[in-house]
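Source file coords36.tsv; content: TSV, C-alpha atoms and all ligand atoms.
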```tsv
chain	number	residue	atom	x	y	z
A	1	MET	CA	-10.91	10.06	-14.82
A	2	LYS	CA	-8.11	9.06	-17.17
A	3	HIS	CA	-5.27	6.96	-15.67
A	4	TYR	CA	-7.48	5.97	-12.75
A	5	LYS	CA	-9.36	2.75	-11.99
A	6	ALA	CA	-11.86	2.57	-9.13
A	7	PRO	CA	-11.29	-0.18	-6.51
A	8	ILE	CA	-12.41	-3.74	-7.26
A	9	LYS	CA	-14.07	-5.73	-4.50
A	10	ASP	CA	-12.84	-9.07	-5.99
A	11	ILE	CA	-9.30	-8.50	-4.67
A	12	TRP	CA	-10.55	-8.34	-1.10
A	13	THR	CA	-11.13	-11.97	-0.18
A	14	GLY	CA	-10.05	-14.28	2.67
A	15	ARG	CA	-11.41	-16.17	5.69
A	16	VAL	CA	-14.84	-14.99	6.68
A	17	SER	CA	-15.44	-14.29	10.38
A	18	ASN	CA	-18.28	-11.75	10.20
A	19	LYS	CA	-16.50	-10.11	13.17
A	20	TRP	CA	-13.99	-7.95	11.24
A	21	LEU	CA	-11.21	-10.36	12.20
A	22	TYR	CA	-9.66	-10.03	8.74
A	23	LEU	CA	-8.66	-6.99	6.77
A	24	HIS	CA	-10.84	-7.79	3.74
A	25	GLU	CA	-13.79	-7.48	6.12
A	26	LYS	CA	-12.52	-4.14	7.42
A	27	VAL	CA	-11.64	-2.39	4.15
A	28	HIS	CA	-14.00	-0.04	2.32
A	29	CYS	CA	-13.66	-0.02	-1.45
A	30	THR	CA	-14.21	3.69	-1.99
A	31	PRO	CA	-13.83	5.39	-5.38
A	32	LEU	CA	-11.92	8.64	-5.04
A	33	GLU	CA	-14.88	10.88	-5.78
A	34	GLU	CA	-16.85	9.25	-2.94
A	35	LEU	CA	-14.09	9.49	-0.35
A	36	PRO	CA	-15.21	11.59	2.62
A	37	GLU	CA	-12.99	13.89	4.64
A	38	ALA	CA	-11.72	11.80	7.56
A	39	GLN	CA	-13.11	12.68	10.97
A	40	LYS	CA	-10.84	10.22	12.80
A	41	LYS	CA	-7.68	8.44	11.69
A	42	SER	CA	-8.10	7.02	8.22
A	43	ILE	CA	-5.76	5.14	5.90
A	44	ALA	CA	-6.09	5.14	2.11
A	45	LEU	CA	-4.43	2.46	-0.01
A	46	LEU	CA	-3.73	3.61	-3.55
A	47	GLY	CA	-2.11	1.47	-6.27
A	48	TYR	CA	0.29	2.78	-8.91
A	49	ALA	CA	-0.15	0.10	-11.56
A	50	CYS	CA	2.68	1.09	-13.87
A	51	ASP	CA	5.84	-0.64	-15.05
A	52	GLU	CA	6.54	1.67	-17.98
A	53	GLY	CA	9.40	3.28	-16.03
A	54	VAL	CA	10.94	-0.14	-15.36
A	55	SER	CA	10.80	-1.03	-19.08
A	56	ARG	CA	12.30	2.32	-20.06
A	57	ASN	CA	15.09	1.63	-17.51
A	58	GLN	CA	15.92	-1.71	-19.22
A	59	GLY	CA	14.33	-3.64	-16.34
A	60	ARG	CA	11.96	-6.60	-16.28
A	61	PRO	CA	8.30	-5.59	-16.60
A	62	GLY	CA	5.60	-7.05	-14.36
A	63	ALA	CA	5.24	-4.43	-11.63
A	64	VAL	CA	2.02	-3.27	-13.30
A	65	ASN	CA	0.36	-6.08	-11.31
A	66	GLY	CA	2.23	-5.24	-8.10
A	67	PRO	CA	-0.48	-3.18	-6.34
A	68	ASP	CA	-3.19	-5.83	-6.69
A	69	ALA	CA	-0.81	-8.59	-5.52
A	70	ILE	CA	-0.03	-6.60	-2.35
A	71	LYS	CA	-3.69	-5.74	-1.71
A	72	SER	CA	-4.76	-9.35	-2.18
A	73	SER	CA	-2.12	-10.57	0.30
A	74	PHE	CA	-2.97	-7.80	2.79
A	75	ALA	CA	-6.68	-8.70	2.54
A	76	LYS	CA	-6.06	-12.09	4.15
A	77	MET	CA	-4.19	-10.75	7.17
A	78	PRO	CA	-5.76	-10.33	10.61
A	79	ASN	CA	-7.28	-6.98	11.43
A	80	HIS	CA	-6.20	-5.39	14.71
A	81	LEU	CA	-7.31	-1.86	13.78
A	82	PRO	CA	-9.70	-0.20	16.23
A	83	GLY	CA	-13.26	0.17	14.92
A	84	GLN	CA	-13.03	3.96	14.63
A	85	VAL	CA	-9.95	3.83	12.38
A	86	LEU	CA	-11.05	3.56	8.76
A	87	LEU	CA	-9.25	1.73	5.98
A	88	HIS	CA	-10.04	2.52	2.32
A	89	ASP	CA	-8.93	1.00	-0.94
A	90	VAL	CA	-9.25	3.95	-3.30
A	91	GLY	CA	-8.26	2.05	-6.46
A	92	ASN	CA	-5.29	2.25	-8.79
A	93	ILE	CA	-3.53	4.81	-10.95
A	94	THR	CA	-3.03	3.25	-14.38
A	95	CYS	CA	-0.51	3.97	-17.10
A	96	ASP	CA	-2.42	4.12	-20.37
A	97	ASN	CA	-0.51	3.88	-23.69
A	98	GLY	CA	2.85	4.04	-21.93
A	99	ASP	CA	2.19	7.62	-20.83
A	100	MET	CA	4.08	7.39	-17.54
A	101	GLU	CA	4.27	11.17	-17.11
A	102	ALA	CA	0.46	11.43	-17.27
A	103	ALA	CA	0.16	8.58	-14.75
A	104	GLN	CA	2.57	10.41	-12.43
A	105	GLU	CA	0.52	13.59	-12.79
A	106	THR	CA	-2.69	11.72	-11.91
A	107	LEU	CA	-0.88	10.15	-8.96
A	108	SER	CA	0.20	13.60	-7.80
A	109	ASP	CA	-3.40	14.90	-8.08
A	110	THR	CA	-4.68	11.87	-6.16
A	111	VAL	CA	-2.14	12.12	-3.33
A	112	LEU	CA	-3.01	15.82	-3.04
A	113	THR	CA	-6.71	14.91	-2.75
A	114	LEU	CA	-6.00	12.20	-0.16
A	115	LEU	CA	-4.00	14.57	2.03
A	116	GLN	CA	-6.65	17.28	1.68
A	117	LYS	CA	-9.20	14.71	2.86
A	118	LYS	CA	-6.99	14.03	5.90
A	119	GLN	CA	-6.24	10.46	4.85
A	120	PHE	CA	-2.86	8.83	5.46
A	121	PRO	CA	-1.82	7.64	1.98
A	122	ILE	CA	-0.07	4.31	1.47
A	123	VAL	CA	0.85	4.03	-2.20
A	124	LEU	CA	1.66	0.62	-3.68
A	125	GLY	CA	3.79	0.29	-6.83
A	126	GLY	CA	4.57	-0.19	-9.52
A	127	GLY	CA	8.01	1.02	-10.64
A	128	HIS	CA	9.97	3.43	-8.47
A	129	ASP	CA	8.87	6.27	-10.75
A	130	VAL	CA	5.97	6.23	-8.27
A	131	ALA	CA	8.20	8.44	-6.08
A	132	TYR	CA	8.15	11.36	-8.52
A	133	GLY	CA	4.35	11.65	-8.64
A	134	HIS	CA	3.98	10.84	-4.95
A	135	TYR	CA	6.47	13.52	-3.87
A	136	HIS	CA	4.73	16.10	-6.05
A	137	GLY	CA	1.36	15.39	-4.48
A	138	ILE	CA	2.86	15.94	-1.01
A	139	GLU	CA	4.66	19.08	-2.15
A	140	ARG	CA	1.50	20.58	-3.68
A	141	TYR	CA	-0.44	19.79	-0.50
A	142	LEU	CA	2.16	21.54	1.66
A	143	ASP	CA	2.22	24.51	-0.74
A	144	THR	CA	-1.38	25.23	0.30
A	145	LYS	CA	-0.18	25.91	3.87
A	146	LYS	CA	0.57	29.45	5.01
A	147	GLU	CA	4.15	28.80	6.03
A	148	ALA	CA	6.77	27.03	3.93
A	149	GLN	CA	7.18	23.39	4.98
A	150	THR	CA	10.15	21.20	4.18
A	151	ILE	CA	10.03	17.56	3.07
A	152	GLY	CA	12.67	14.94	3.79
A	153	ILE	CA	12.72	11.83	1.60
A	154	ILE	CA	13.87	8.57	3.19
A	155	ASN	CA	14.44	5.85	0.61
A	156	PHE	CA	15.06	2.23	1.63
A	157	ASP	CA	16.73	0.95	-1.51
A	158	ALA	CA	19.71	-0.81	-3.03
A	159	HIS	CA	19.82	2.01	-5.61
A	160	PHE	CA	20.13	5.79	-5.50
A	161	ASP	CA	17.71	6.21	-8.43
A	162	LEU	CA	19.61	9.39	-9.26
A	163	ARG	CA	20.12	8.63	-12.94
A	164	LYS	CA	20.03	11.74	-15.13
A	165	ASN	CA	16.82	12.04	-17.12
A	166	THR	CA	18.56	13.69	-20.09
A	167	GLU	CA	17.00	11.22	-22.54
A	168	GLN	CA	13.86	10.18	-20.67
A	169	ASN	CA	12.28	9.77	-17.27
A	170	ASN	CA	12.21	6.25	-15.88
A	171	SER	CA	12.23	4.19	-12.67
A	172	GLY	CA	15.90	5.08	-12.12
A	173	THR	CA	15.51	8.88	-12.37
A	174	PRO	CA	12.82	10.05	-9.87
A	175	PHE	CA	15.12	11.50	-7.20
A	176	TYR	CA	17.35	13.23	-9.75
A	177	GLN	CA	14.24	14.86	-11.22
A	178	ILE	CA	13.17	16.00	-7.75
A	179	ALA	CA	16.69	17.26	-6.97
A	180	MET	CA	16.79	19.34	-10.15
A	181	GLU	CA	13.41	20.88	-9.35
A	182	CYS	CA	14.59	21.68	-5.81
A	183	GLN	CA	17.58	23.49	-7.34
A	184	GLU	CA	15.30	25.50	-9.65
A	185	GLU	CA	13.10	26.44	-6.70
A	186	HIS	CA	16.14	27.22	-4.51
A	187	ILE	CA	15.05	24.78	-1.83
A	188	ASP	CA	17.10	22.07	-0.14
A	189	PHE	CA	16.99	18.55	-1.53
A	190	ASN	CA	16.71	16.44	1.63
A	191	TYR	CA	17.36	12.84	0.66
A	192	LEU	CA	18.46	9.95	2.89
A	193	CYS	CA	19.13	6.56	1.27
A	194	LEU	CA	19.36	3.44	3.40
A	195	GLY	CA	20.85	0.20	2.05
A	196	ILE	CA	22.85	1.41	-0.97
A	197	ARG	CA	24.81	-1.37	-2.71
A	198	LYS	CA	28.24	-0.65	-4.17
A	199	ASP	CA	27.71	-3.45	-6.69
A	200	ALA	CA	24.45	-1.90	-7.93
A	201	ASN	CA	25.36	1.78	-8.43
A	202	ASP	CA	28.06	3.02	-10.78
A	203	ARG	CA	30.66	5.73	-10.08
A	204	VAL	CA	28.59	8.44	-11.76
A	205	LEU	CA	25.69	7.69	-9.40
A	206	PHE	CA	27.96	7.91	-6.33
A	207	GLN	CA	29.36	11.20	-7.66
A	208	THR	CA	25.84	12.55	-8.26
A	209	ALA	CA	24.92	11.58	-4.69
A	210	ARG	CA	27.97	13.45	-3.37
A	211	ASP	CA	27.28	16.49	-5.60
A	212	LEU	CA	23.71	16.63	-4.31
A	213	ASP	CA	24.78	16.22	-0.68
A	214	VAL	CA	22.79	13.04	-0.29
A	215	THR	CA	23.18	11.18	3.00
A	216	TYR	CA	23.42	7.44	2.53
A	217	VAL	CA	24.07	4.27	4.49
A	218	MET	CA	25.73	1.45	2.55
A	219	SER	CA	24.20	-2.03	2.61
A	220	ASP	CA	27.10	-3.51	4.62
A	221	THR	CA	26.36	-0.98	7.38
A	222	PHE	CA	22.59	-1.12	7.05
A	223	GLN	CA	22.42	-4.05	9.44
A	224	ALA	CA	21.26	-4.83	12.97
A	225	PRO	CA	24.68	-4.47	14.70
A	226	PHE	CA	24.81	-0.84	13.51
A	227	LEU	CA	21.24	0.04	14.54
A	228	GLU	CA	22.27	2.66	17.09
A	229	GLU	CA	24.41	4.47	14.53
A	230	ILE	CA	21.69	4.21	11.87
A	231	ASN	CA	19.16	5.67	14.29
A	232	THR	CA	21.51	8.58	14.95
A	233	TRP	CA	21.59	9.31	11.20
A	234	ILE	CA	17.80	9.08	10.97
A	235	HIS	CA	17.26	11.34	14.00
A	236	ALA	CA	19.65	13.95	12.58
A	237	PHE	CA	17.92	13.86	9.19
A	238	VAL	CA	14.37	14.00	10.57
A	239	LYS	CA	15.23	16.86	12.94
A	240	ASN	CA	16.10	19.03	9.95
A	241	VAL	CA	12.78	18.72	8.09
A	242	ASP	CA	9.10	19.39	8.81
A	243	HIS	CA	7.69	16.26	7.17
A	244	VAL	CA	9.06	12.88	6.13
A	245	TYR	CA	8.04	10.97	3.02
A	246	VAL	CA	9.15	7.31	3.17
A	247	THR	CA	9.62	5.22	0.08
A	248	ILE	CA	10.50	1.52	0.32
A	249	ASP	CA	11.93	-0.15	-2.77
A	250	LEU	CA	11.43	-3.90	-2.33
A	251	ASP	CA	14.56	-4.61	-4.37
A	252	GLY	CA	16.64	-3.34	-1.45
A	253	PHE	CA	15.65	-6.38	0.61
A	254	SER	CA	17.72	-9.51	0.16
A	255	SER	CA	16.22	-11.63	-2.61
A	256	ALA	CA	15.87	-14.31	0.09
A	257	TYR	CA	12.97	-12.13	1.31
A	258	ALA	CA	11.98	-10.34	-1.89
A	259	PRO	CA	12.54	-12.31	-5.09
A	260	GLY	CA	9.57	-10.65	-6.80
A	261	VAL	CA	11.27	-7.54	-8.16
A	262	SER	CA	12.88	-6.44	-11.41
A	263	ALA	CA	16.43	-6.11	-10.02
A	264	PRO	CA	16.94	-8.55	-7.11
A	265	SER	CA	19.54	-8.06	-4.34
A	266	PRO	CA	21.04	-11.34	-3.07
A	267	MET	CA	23.10	-9.28	-0.58
A	268	GLY	CA	20.27	-6.93	0.37
A	269	PHE	CA	18.95	-5.90	3.78
A	270	THR	CA	16.54	-7.62	6.18
A	271	PRO	CA	12.92	-6.78	7.07
A	272	TYR	CA	14.01	-6.45	10.72
A	273	ILE	CA	16.23	-3.44	10.12
A	274	VAL	CA	13.53	-1.69	8.07
A	275	LEU	CA	10.94	-2.21	10.83
A	276	GLU	CA	13.35	-0.79	13.41
A	277	CYS	CA	13.97	2.29	11.26
A	278	LEU	CA	10.24	2.73	10.62
A	279	LYS	CA	9.71	2.71	14.38
A	280	THR	CA	12.22	5.55	14.73
A	281	ILE	CA	10.74	7.54	11.84
A	282	MET	CA	7.14	7.10	12.95
A	283	GLY	CA	8.12	7.93	16.52
A	284	SER	CA	9.08	11.40	15.28
A	285	GLY	CA	5.45	12.11	14.36
A	286	LYS	CA	6.61	13.59	11.03
A	287	LEU	CA	5.68	10.81	8.61
A	288	ILE	CA	3.24	12.33	6.11
A	289	SER	CA	2.99	9.58	3.49
A	290	LEU	CA	4.60	6.30	2.45
A	291	ASP	CA	4.95	4.05	-0.57
A	292	ILE	CA	6.24	0.59	-1.41
A	293	ALA	CA	7.73	0.24	-4.88
A	294	GLU	CA	8.85	-2.35	-7.42
A	295	MET	CA	6.54	-5.24	-6.48
A	296	ASN	CA	6.75	-7.61	-9.45
A	297	PRO	CA	4.48	-10.69	-9.05
A	298	LYS	CA	5.89	-12.25	-12.24
A	299	TYR	CA	9.14	-13.12	-10.44
A	300	ASP	CA	7.68	-13.72	-7.00
A	301	ILE	CA	8.07	-17.13	-5.35
A	302	ASP	CA	5.11	-18.46	-3.41
A	303	GLY	CA	3.80	-14.90	-2.94
A	304	GLN	CA	6.64	-14.10	-0.49
A	305	THR	CA	7.40	-10.61	-1.79
A	306	ALA	CA	3.73	-9.66	-1.87
A	307	LYS	CA	3.43	-10.95	1.68
A	308	LEU	CA	6.48	-8.99	2.80
A	309	ALA	CA	5.03	-5.82	1.27
A	310	ALA	CA	1.64	-6.58	2.86
A	311	SER	CA	3.34	-7.12	6.24
A	312	LEU	CA	4.99	-3.70	5.91
A	313	VAL	CA	1.61	-2.13	5.15
A	314	HIS	CA	0.14	-4.04	8.11
A	315	HIS	CA	2.89	-2.72	10.38
A	316	VAL	CA	2.56	0.90	9.22
A	317	ALA	CA	-1.25	0.92	9.29
A	318	HIS	CA	-1.36	-0.48	12.82
A	319	SER	CA	1.36	1.92	14.01
A	320	ILE	CA	-0.64	4.85	12.64
A	321	ALA	CA	-3.73	3.52	14.39
A	322	GLY	CA	-1.72	3.02	17.58
A	323	SER	CA	-2.82	-0.62	17.79
B	401	LIG	N1	14.41	1.59	-9.87
B	401	LIG	C1	15.40	0.89	-10.12
B	401	LIG	N2	16.55	1.41	-10.53
B	401	LIG	C2	17.76	0.70	-10.70
B	401	LIG	C3	17.62	-0.55	-11.52
B	401	LIG	C4	18.86	-1.35	-11.55
B	401	LIG	C5	18.84	-2.55	-12.46
B	401	LIG	O1	17.91	-2.69	-13.29
B	401	LIG	O2	19.76	-3.36	-12.34
B	401	LIG	C6	18.74	1.64	-11.34
B	401	LIG	O3	18.38	2.32	-12.30
B	401	LIG	O4	19.88	1.71	-10.88
B	402	MN	MN	16.09	-0.35	-6.18
B	403	MN	MN	14.48	2.29	-6.40
```
Represent the structure contained in this file as C-alpha cells.
Ligand SMILES: N=CN[C@@H](CCC(=O)O)C(=O)O
Ligand SMILES: [Mn+2]
Ligand SMILES: [Mn+2]
Amino acid sequence: MKHYKAPIKDIWTGRVSNKWLYLHEKVHCTPLEELPEAQKKSIALLGYACDEGVSRNQGRPGAVNGPDAIKSSFAKMPNHLPGQVLLHDVGNITCDNGDMEAAQETLSDTVLTLLQKKQFPIVLGGGHDVAYGHYHGIERYLDTKKEAQTIGIINFDAHFDLRKNTEQNNSGTPFYQIAMECQEEHIDFNYLCLGIRKDANDRVLFQTARDLDVTYVMSDTFQAPFLEEINTWIHAFVKNVDHVYVTIDLDGFSSAYAPGVSAPSPMGFTPYIVLECLKTIMGSGKLISLDIAEMNPKYDIDGQTAKLAASLVHHVAHSIAGS
C-alpha cells in the first residue's frame, strides 16, 4: 500500500526478561493486512511519519521521525498490561513526495480499518495535520452505524490550529478544515481546546475560535489550582457528544518537559494537568481514539519529549486495559 510502511521489529528493544516484564516483549509487530479482529481489548499503535505540514506552516521539520522515537522509548518501559490485552504496532503512515493529503487519506483509511477491527487506535505524529486524517477515519467509522453519532474533539495544545487553508493545508489548519466540513454537512463542530497561549495565537485565530463557537481554556487557567473548574468544562463538553477524540500536541507542554517540538512553549502546561484531564475524559467511557502530535526528535534533549509522549501512551494504554 502506498503511504504505508509495515512495522519494524528493530525499534522494539530493551531489557530482556523473558517474562513480558517490558513492553517490547509484549508488543506484536503486525502489518495492517494481518491484523485480526480483536476478541478482547486490543490497542494498536500507528505512526504518522510526516512533517510536510510543519514545513508548509513555516515550522521546523523533524517530526517525520517522531513516531519511531516514541515507539522506541515506549518499548523500554515496564509492561503492566494483563496477558489477555493485546498490543500491536501496526507500522507507520508515510508521506511520499510531500503528498500530505494522500498521507492523510491513507491515515483515514487505516483508522477506519482499526476501528472496524475493534482496536483502540493510538496514533503517533508527526505534524498536527495528523488530526485531519485521524478525525476522518473516526467519522467514516461512525457513518457506518445506523444512528447518527456525534464526535467531540478535545485538543491539548498551545495553538488553536484554526488557520484558514485558503492557500494550502498544513499543520496549523486541521481544525479549520474540519469545521468547514461540519458546516457543509450541517453538523455541529464540537471542539474544546485546553492550554491556549495568548502569545502564540493571533487576533484572527481568536476571532475564528469565537466565530466557530470553540470552547477554550487559556494556558494561565489550564493549571492544577483550577482543576475543578477545568473538569466542569470537560464534563459539560463530553456530556454533549457521543464520542470523544483526544489529540495531544506536545508543543502545549512547557518546553521544560517537551523541548523536542517545532514550536516550543516555555510557558506551557504540565504533564500532571493533562493526566488529570485524561482521567476525567476516560472516566466518561466515550474516548474512541487518541493521538499525540508534533514529536520532533531533532530538537529533543536527552530523549525527554519522546519519553513524555511514551509515558502518555503508557498511561492511556494501561487505563484502557484497566491495569
Ligand atoms: N501545529 C502547529 N501550529 C502552530 C505553529 C506555531 C509556530 O510555528 O510558531 C500554528 O500554526 O499556530
Ligand atoms: Mn501546538
Ligand atoms: Mn497543534
Under the rule that all atoms listed in the file are counted, which of A:Ser72, A:Asn18, A:Thr113, A:Thr280 is the nearest residue to Val244 in chain A?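 Using all atoms listed in the file, the shortest distance to Val244 in chain A belongs to A:Thr280.
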May I ask which of the residues A:Asp109, A:Asp211, A:Glu101, A:Glu181 is the closest one to Leu32 in chain A, counting only C-alpha atoms? A:Asp109
Given all atoms listed in the file as the basis, pick out the residue of A:Lys117, A:Arg140, A:Arg163, A:Lys71 nearest to Asp89 in chain A. A:Lys71
So that I can check the surroundings of Gly47 in chain A, please list as a JSON list (two decimals) with C-alpha atoms, in the frame of the given file every protein, DNA and RNA residue that reaches within 6 Å of it, counting all atoms listed in the file and ignoring chain neighbours fewer than 4 positions away.
```json
[["chain", "number", "residue", "atom", "x", "y", "z"],
["A", 67, "PRO", "CA", -0.48, -3.18, -6.34],
["A", 92, "ASN", "CA", -5.29, 2.25, -8.79],
["A", 93, "ILE", "CA", -3.53, 4.81, -10.95],
["A", 123, "VAL", "CA", 0.85, 4.03, -2.20],
["A", 124, "LEU", "CA", 1.66, 0.62, -3.68]]
```
Identify, on the basis of all atoms listed in the file, every residue whose closest approach to range 21-29 of chain A does not exceed 9 Å; exclude the query and any residue fewer than 2 positions from it along the same chain; express the result as a PyMOL selection string. chain A and resi 6-9+11-19+31+72+74-81+83+86-91
Would you tabulate, counting all atoms listed in the file, all residues of chain A that have an atom at most 9 Å from an atom of ligand LIG 401 (chain B), showing the closest pair of atoms and their distance in Å to one decimal, sorted by chain then ascending number, as CSV?
```
residue,atom,partner,partner_atom,distance
A:Gly53,CA,B:LIG401,N1,8.1
A:Val54,CA,B:LIG401,N1,6.7
A:Asn57,CA,B:LIG401,O3,6.2
A:Gln58,CA,B:LIG401,O1,6.3
A:Gly59,CA,B:LIG401,O1,4.8
A:Arg60,CA,B:LIG401,O1,7.7
A:Gly127,CA,B:LIG401,N1,6.5
A:His128,CA,B:LIG401,N1,5.0
A:Asp129,CA,B:LIG401,N1,7.3
A:Asp157,CA,B:LIG401,N1,8.7
A:Ala158,CA,B:LIG401,C2,8.1
A:His159,CA,B:LIG401,O4,5.3
A:Phe160,CA,B:LIG401,O4,6.8
A:Asp161,CA,B:LIG401,N2,5.4
A:Leu162,CA,B:LIG401,O3,7.8
A:Arg163,CA,B:LIG401,O3,6.6
A:Asn170,CA,B:LIG401,N1,7.9
A:Ser171,CA,B:LIG401,N1,4.4
A:Gly172,CA,B:LIG401,O3,3.7
A:Thr173,CA,B:LIG401,O3,7.2
A:Pro174,CA,B:LIG401,N1,8.6
A:Ala200,CA,B:LIG401,O4,6.5
A:Asn201,CA,B:LIG401,O4,6.0
A:Asp202,CA,B:LIG401,O4,8.3
A:Leu205,CA,B:LIG401,O4,8.5
A:Asp249,CA,B:LIG401,N1,7.7
A:Asp251,CA,B:LIG401,C1,8.0
A:Ser262,CA,B:LIG401,O1,6.5
A:Ala263,CA,B:LIG401,O2,4.9
A:Pro264,CA,B:LIG401,O2,7.9
A:Ala293,CA,B:LIG401,N1,8.4
A:Glu294,CA,B:LIG401,N1,7.2
```
Distance query Phe189 in chain A at most 10 Å, all atoms listed in the file, self and fewer than 4 positions along chain excluded, as a PyMOL selection string: chain A and resi 150-153+175-176+178-183+212-214
Nearest-residue call for Ala224 in chain A, choices A:Gln168, A:Thr270, A:Thr30, A:Ser265, using only C-alpha atoms: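 Of the candidates, the smallest distance to Ala224 in chain A is held by A:Thr270.
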Work out how far CA of Asn65 in chain A is from CA of Ser219 in chain A, in Å to one decimal. 27.9 Å
In Å, rounded to a single decimal, give me how far CA of Gly137 in chain A is from CA of Val111 in chain A.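 Computed distance, CA of Val111 in chain A to CA of Gly137 in chain A, equals 4.9 Å.
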